[in-house]
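Read through the structure below, which is laid out as structure tokens, and then see the notes.
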Amino acid sequence: MDQPLARIWAEFRENRIAVGALVVVAAIALVALLAPLLAPQNPYDLASLVLMDARRPPGYVGSGGYVHILGTDAQGRDLYSAILYGLRISIQIGGAAGTVALVLGAVLGTMAAYFGGRIEAFIMRIVDLQLSFPAILLALMLSALLGKGMTQLVAALVTAQYAYFARTAHGAASVERSKEYVEAALSTPLPAHTVVFRHILPNCLPPLIVVATVQIANSIALEATLSFLGLGLPPTEPSLGTLIANGFQYMLSGRYWISIYPGIALIVLIVAINLVGDQVRDQLNPRLKR
Amino acid sequence: MLGFVIQRLLQAFVVMMAISFLVFLGVYAIGNPIDVLISPDADQRIRETVIRQYGLDLPLWQQYLGFLKRLAVGDFGRSFVYNMPVLQLILSRLPATLELTLAAVLGATLAGVPLGMYAGYKPDGVASKLIMGLSILGFSVPTFWVGLVLIFTFAVVLGWLPAGERGETAVLFGVPWSFLTFDGLRHLFLPALNLALFKLAMMIRLARAGTREVMLTDTVRFARAAGESEATILSRHVLRLISIPLVTVFGLEFSSTLAFAVVTETIFSWPGIGKLIIDSIASLDRPVMVAYLMLVACLFIMVNFLVDIAYAALDPRLRVRRA
């Protein structure tokens with residue numbers, strides 16, 4: 001398992017754009033992690049919000065005595081602080097949804113490939129069916145049914161996305177399943193789950209990692225979209241999508257900063273993750289190697 | 001071919017039944033079905049009448065049969081908010097969405113396929129790199145954000161185009177359309193562009209990947225040996241060979257664009273079914289939610305079915321293998 005990953009890393013380092021993107025992702029993750037230390041204000045502490053400071057342009061010195069570098073939103077939140085905390089939420093939700101979907105999809109996909117027959121047909125039929133519906137529609141409906149909140153949101157995102165992992169895992173595991181080393185491992189008295197988890201699954205990891213990077217970016221975008229539509233998180237804990245939605249009505253009157261800056265943060269994060277994912281995918285696609 | 005069609009039809013039917021069951025479970029069994037059927041401010045007498053009328057005192061499986069029966073005759077109940085039959089409400093909003101979606105998908109295909117083929121034909125050119133960079137951006141940037149930037153740039157700062165509603169409409173076949181008037185077209189442009197960008201990125205990628213693979217095949221080598229010009233090779237051979245995945249995606253994307261239209265319609269206050277469903281979710285207008293879910297599912301299944309058939313018609317091998 002270490003060896004293919006080490007090889008991927010060596011090749012990855014050669015693409016400067018991808019390495020740069022990876023650095024950006026790491027930097028954003030670090031900033032989000034340290035948000036309480038870096039932000040001049042806790043944007044969730046409603047008591048610290050002063051309405052006098054609402055909708056001020058970037059550079060305004062508010063009643064807190066510090067400069068609002070990126071301006072303030074309609075509730076008087078310091079946007080710079082709100083963006084840092086919003087990034088935190090976005091990464092948390094994207095990471096959580098991506099990981100749970102990865103585990104669920106990988107288990108279902110490898111199980112389908114391992115057992116074959118009816119079980120395989122049943123699982124893959126459902127997965128195919130789900131893939132024919134756009135993720136956004138599923139997430140939309142689920143969050144409408146489940147209600148607002150972090151757990152509900154993650155559940156909706158996982159349901160909308162696990163199918164991509166399941167199909168990828170199934171494809172890779174079916175190939176591994178028919179290889180001789182698996183046959184050899186199965187002919188020993190090793191229990192089935194050992195063969196699946198120790199031998200088949202590690203060899204399916206590279207394609208799953210690619211899907212995971214893309215899907216984390218997707219779930220961040222999806223979360224932002226749902227929050228923008230008012231179906232994600234409650235407005236007292238604004239994620240980037242909520243911030244953008246809150247600023248939308250003021251944009252028409254020229255107060256662009258409330259929507260634009262959180263949007264830029266969101267785009268930088270998503271594009272950086274996608275650039276990393278793109279490079280890894282190109283590396284793992286044998287059809288492009290000649 | 002007939003056997004294939006019948007098999008696919010049966011499959012579509014089974015899927016539709018499964019989805020109706022899930023929707024039934026989700027809205028009727030888990031949620032309180034009474035909320036779905038009567039408005040919250042109805043009095044006790046009306047409640048009991050409706051409970052009996054819709055058989056909510058019956059066992060679950062009988063209720064499900066009743067639900068199916070009502071679906072079959074198109075009875076989705078009445079919308080609380082608009083106080084009209086849901087089906088009628090949705091049908092009145094459908095043309096706006098269809099118009100927007102069609103404009104977006106057609107635009108994306110007509111622009112994306114040539115761009116993608118060029119990028120695949122000259123993968124190392126500067127223009128190709130630029131096209132691919134744009135397509136990554138189109139993929140990554142969420143639709144709602146692009147919509148905001150479009151509104152800010154073209155409606156607020158430049159003031160060139162309007163940023164909401166359908167504008168003036170003209171009536172054709174008893175339905176109002178925006179694309180028939182100049183003002184309507186102006187209103188259509190920004191939302192259609194917004195909706196098209198993601199599809200454009202996808203079309204570019206597909207056309208590029210297909211072209212890159214086909215350019216390496218013997219077909220192209222022999223066509224060159226026969227002295228055909230590069231333009232002829234691209235337009236006559238490559239385009240035909242990459243058309244099968246493109247047709248599939250065109251079909252599938254058409255339906256998923258309807259789903260994405262939810263976002264675009266909300267931003268541009270385009271009065272289609274996407275905006276309707278968001279408004280209904282916000283106001284808990286559940287009959288509309290149920291009907292939207294069932295109709296969209298039905299639409300998806302139909303499109304998938306048609307794509308399968310088109311596939312089989314284009315590629316004879318599939319008829320044998322899949323049937």
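Naming scheme: A, B, ... for chains in displayed order of the structure tokens; residues 1 onward per chain; ligands 1 onward as shown.
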Q: For region 106-122 of chain B, work out the shell of residues within 8 Å, counting only C-alpha atoms and skipping chain neighbours fewer than 6 positions away, then give it as a list in words.
A: Ser128, Lys129, Ile131, Met132, Ala196, Leu197, Lys199, Leu200, Ala201, Met202, Met203, Ile204, Arg205, Leu206, Ala207, Arg208, Ala209, Gly210, Thr211, Arg212, Met215 and Phe250 of chain B
Q) Within 8 Å of chain B, which residues of chain A show up when using only C-alpha atoms, listed as number ranges by chain? A) A: 132-134, 136-137, 144-145, 217, 221-222, 225, 228-229, 248, 251-254, 256, 263, 267, 270-271, 274
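Neighbouring residues of region 71-83 of chain B at 6 Å or closer, counting only C-alpha atoms and skipping chain neighbours under 3 positions away, are Leu68, Val86 and Ala291 of chain B.
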Output C-alpha atoms of each residue in that selection to a file, as a tab-separated table (two decimals), in the first residue's frame.
chain	number	residue	atom	x	y	z
B	68	LEU	CA	-50.83	5.13	-6.29
B	86	VAL	CA	-50.83	21.12	-7.82
B	291	ALA	CA	-45.77	16.24	-6.95
**Q.** Spatial neighbours of region 101-110 of chain A, max dist 6 Å, only C-alpha atoms, sep filter under 6 positions, as a ChimeraX atom specification
**A.** /A:158,162,165-166,169-170,173
Output file for the residues above (C-alpha atoms, as an mmCIF file, in the first residue's frame):
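So result.cif came out as:
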data_model
loop_
_atom_site.group_PDB
_atom_site.id
_atom_site.type_symbol
_atom_site.label_atom_id
_atom_site.label_comp_id
_atom_site.auth_asym_id
_atom_site.auth_seq_id
_atom_site.Cartn_x
_atom_site.Cartn_y
_atom_site.Cartn_z
ATOM 1 C CA VAL A 158 -23.570 11.375 2.252
ATOM 2 C CA TYR A 162 -21.810 7.566 -1.469
ATOM 3 C CA PHE A 165 -17.557 5.784 -4.167
ATOM 4 C CA ALA A 166 -19.523 2.556 -4.356
ATOM 5 C CA ALA A 169 -14.834 0.675 -5.376
ATOM 6 C CA HIS A 170 -16.924 -1.916 -7.171
ATOM 7 C CA ALA A 173 -12.563 -4.508 -6.527
#
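Proximity to Ile309 (chain B) was assessed for B:Gly251, B:Leu295, B:Pro287, B:Pro176 counting only C-alpha atoms; the smallest distance is recorded for B:Gly251.
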Q: May I have all residues of region 175-278 of chain B that DSSP, computed from the backbone, assigns to alpha helix (DSSP H), given as a PyMOL selection string?
A: chain B and resi 182-215+218-225+230-232+239-267+273-278
Once you have the residues from the selection above, write them out as a tab-separated table (two decimals), in the first residue's frame, restricted to C-alpha atoms.
chain	number	residue	atom	x	y	z
B	182	PHE	CA	-36.63	40.82	-27.75
B	183	ASP	CA	-37.23	41.83	-24.14
B	184	GLY	CA	-37.79	38.18	-23.19
B	185	LEU	CA	-34.53	37.17	-24.86
B	186	ARG	CA	-32.70	39.85	-22.91
B	187	HIS	CA	-34.14	38.40	-19.71
B	188	LEU	CA	-33.35	34.85	-20.81
B	189	PHE	CA	-29.71	35.51	-21.65
B	190	LEU	CA	-28.09	35.74	-18.19
B	191	PRO	CA	-29.89	32.82	-16.52
B	192	ALA	CA	-29.32	30.63	-19.58
B	193	LEU	CA	-25.63	31.54	-19.61
B	194	ASN	CA	-25.42	30.79	-15.90
B	195	LEU	CA	-27.04	27.41	-16.32
B	196	ALA	CA	-24.98	26.60	-19.42
B	197	LEU	CA	-21.50	27.12	-17.95
B	198	PHE	CA	-21.32	23.84	-16.05
B	199	LYS	CA	-22.64	21.91	-19.06
B	200	LEU	CA	-20.21	23.75	-21.29
B	201	ALA	CA	-17.30	22.62	-19.14
B	202	MET	CA	-18.58	19.06	-19.27
B	203	MET	CA	-19.12	19.08	-23.05
B	204	ILE	CA	-15.62	20.47	-23.58
B	205	ARG	CA	-14.08	17.72	-21.47
B	206	LEU	CA	-16.03	14.92	-23.11
B	207	ALA	CA	-15.39	16.15	-26.63
B	208	ARG	CA	-11.70	16.62	-25.85
B	209	ALA	CA	-11.24	13.20	-24.27
B	210	GLY	CA	-13.12	11.54	-27.14
B	211	THR	CA	-11.18	13.42	-29.81
B	212	ARG	CA	-7.84	12.60	-28.20
B	213	GLU	CA	-8.65	8.92	-28.22
B	214	VAL	CA	-10.13	8.82	-31.71
B	215	MET	CA	-7.24	10.79	-33.23
B	218	ASP	CA	-6.58	3.65	-37.45
B	219	THR	CA	-9.70	5.37	-38.78
B	220	VAL	CA	-7.92	8.69	-38.69
B	221	ARG	CA	-4.66	7.25	-39.99
B	222	PHE	CA	-6.39	5.72	-43.03
B	223	ALA	CA	-8.44	8.84	-43.65
B	224	ARG	CA	-5.21	10.85	-43.70
B	225	ALA	CA	-3.60	8.31	-45.99
B	230	GLU	CA	-7.99	17.58	-41.50
B	231	ALA	CA	-11.24	19.53	-41.42
B	232	THR	CA	-13.05	16.69	-43.22
B	239	LEU	CA	-17.40	13.91	-34.72
B	240	ARG	CA	-19.37	10.79	-35.63
B	241	LEU	CA	-17.22	8.53	-33.49
B	242	ILE	CA	-17.44	10.71	-30.41
B	243	SER	CA	-21.15	11.34	-30.90
B	244	ILE	CA	-22.41	8.32	-28.91
B	245	PRO	CA	-21.18	9.46	-25.49
B	246	LEU	CA	-22.14	13.01	-26.40
B	247	VAL	CA	-25.72	12.00	-27.18
B	248	THR	CA	-25.96	10.14	-23.88
B	249	VAL	CA	-24.63	13.07	-21.96
B	250	PHE	CA	-26.86	15.46	-23.84
B	251	GLY	CA	-29.87	13.42	-22.78
B	252	LEU	CA	-28.79	12.87	-19.21
B	253	GLU	CA	-27.64	16.43	-18.84
B	254	PHE	CA	-30.92	17.76	-20.08
B	255	SER	CA	-32.63	16.23	-17.09
B	256	SER	CA	-29.92	17.13	-14.59
B	257	THR	CA	-29.99	20.68	-15.93
B	258	LEU	CA	-33.62	20.78	-14.86
B	259	ALA	CA	-32.37	20.02	-11.37
B	260	PHE	CA	-29.67	22.68	-11.51
B	261	ALA	CA	-32.28	25.10	-12.76
B	262	VAL	CA	-33.47	25.18	-9.14
B	263	VAL	CA	-30.42	27.24	-8.25
B	264	THR	CA	-30.40	29.48	-11.31
B	265	GLU	CA	-34.12	30.13	-11.13
B	266	THR	CA	-33.85	31.13	-7.48
B	267	ILE	CA	-31.06	33.62	-8.15
B	273	ILE	CA	-40.65	24.87	-11.35
B	274	GLY	CA	-37.26	25.18	-9.67
B	275	LYS	CA	-38.19	28.42	-7.98
B	276	LEU	CA	-41.59	26.92	-7.20
B	277	ILE	CA	-40.07	23.98	-5.32
B	278	ILE	CA	-37.74	26.19	-3.28
Shell around region 204-212 of chain A at 6 Å using only C-alpha atoms, local window under 6 positions removed, as a CSV table (one decimal) with C-alpha atoms, in the first residue's frame:
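So out29.csv came out as:
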chain,number,residue,atom,x,y,z
A,172,ALA,CA,-11.6,-1.6,-8.8
A,277,GLY,CA,-7.7,16.0,-7.7
A,281,ARG,CA,-6.6,11.6,-11.7
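Restricting the calculation to only C-alpha atoms, the smallest distance between Ala224 (chain A) and any of A:Ala26, A:Met141, A:Ile89, A:Val280 is found for A:Ile89.
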Q. Which of these residues is nearest to Ala27 (chain A), using only C-alpha atoms: A:Leu87, A:Leu138, A:Ile220, A:Ala6?
A. A:Leu87
Q.
With only C-alpha atoms as the counted atoms, please give the residues lying no more than 9 Å from Ile83 (chain A), apart from itself and same-chain residues fewer than 4 positions off, as a ChimeraX atom specification.
A. /A:32,78-79,87-88,238-240,243,261-262,265
Put those residues in a file: C-alpha atoms, as a PDB file, in the first residue's frame.
ATOM      1  CA  ALA A  32      -9.650  27.492   9.395  1.00  0.00           C
ATOM      2  CA  ASP A  78     -16.814  41.339  10.822  1.00  0.00           C
ATOM      3  CA  LEU A  79     -16.651  39.585   7.466  1.00  0.00           C
ATOM      4  CA  LEU A  87     -14.283  28.052   6.081  1.00  0.00           C
ATOM      5  CA  ARG A  88     -14.121  25.975   9.227  1.00  0.00           C
ATOM      6  CA  PRO A 238     -23.255  31.195   8.909  1.00  0.00           C
ATOM      7  CA  SER A 239     -21.274  28.970   6.581  1.00  0.00           C
ATOM      8  CA  LEU A 240     -19.799  30.538   3.456  1.00  0.00           C
ATOM      9  CA  LEU A 243     -22.914  34.532   4.147  1.00  0.00           C
ATOM     10  CA  TYR A 261     -15.423  38.008  -0.292  1.00  0.00           C
ATOM     11  CA  PRO A 262     -16.965  34.828   1.170  1.00  0.00           C
ATOM     12  CA  ALA A 265     -12.793  32.222  -0.253  1.00  0.00           C
TER      13      ALA A 265
END
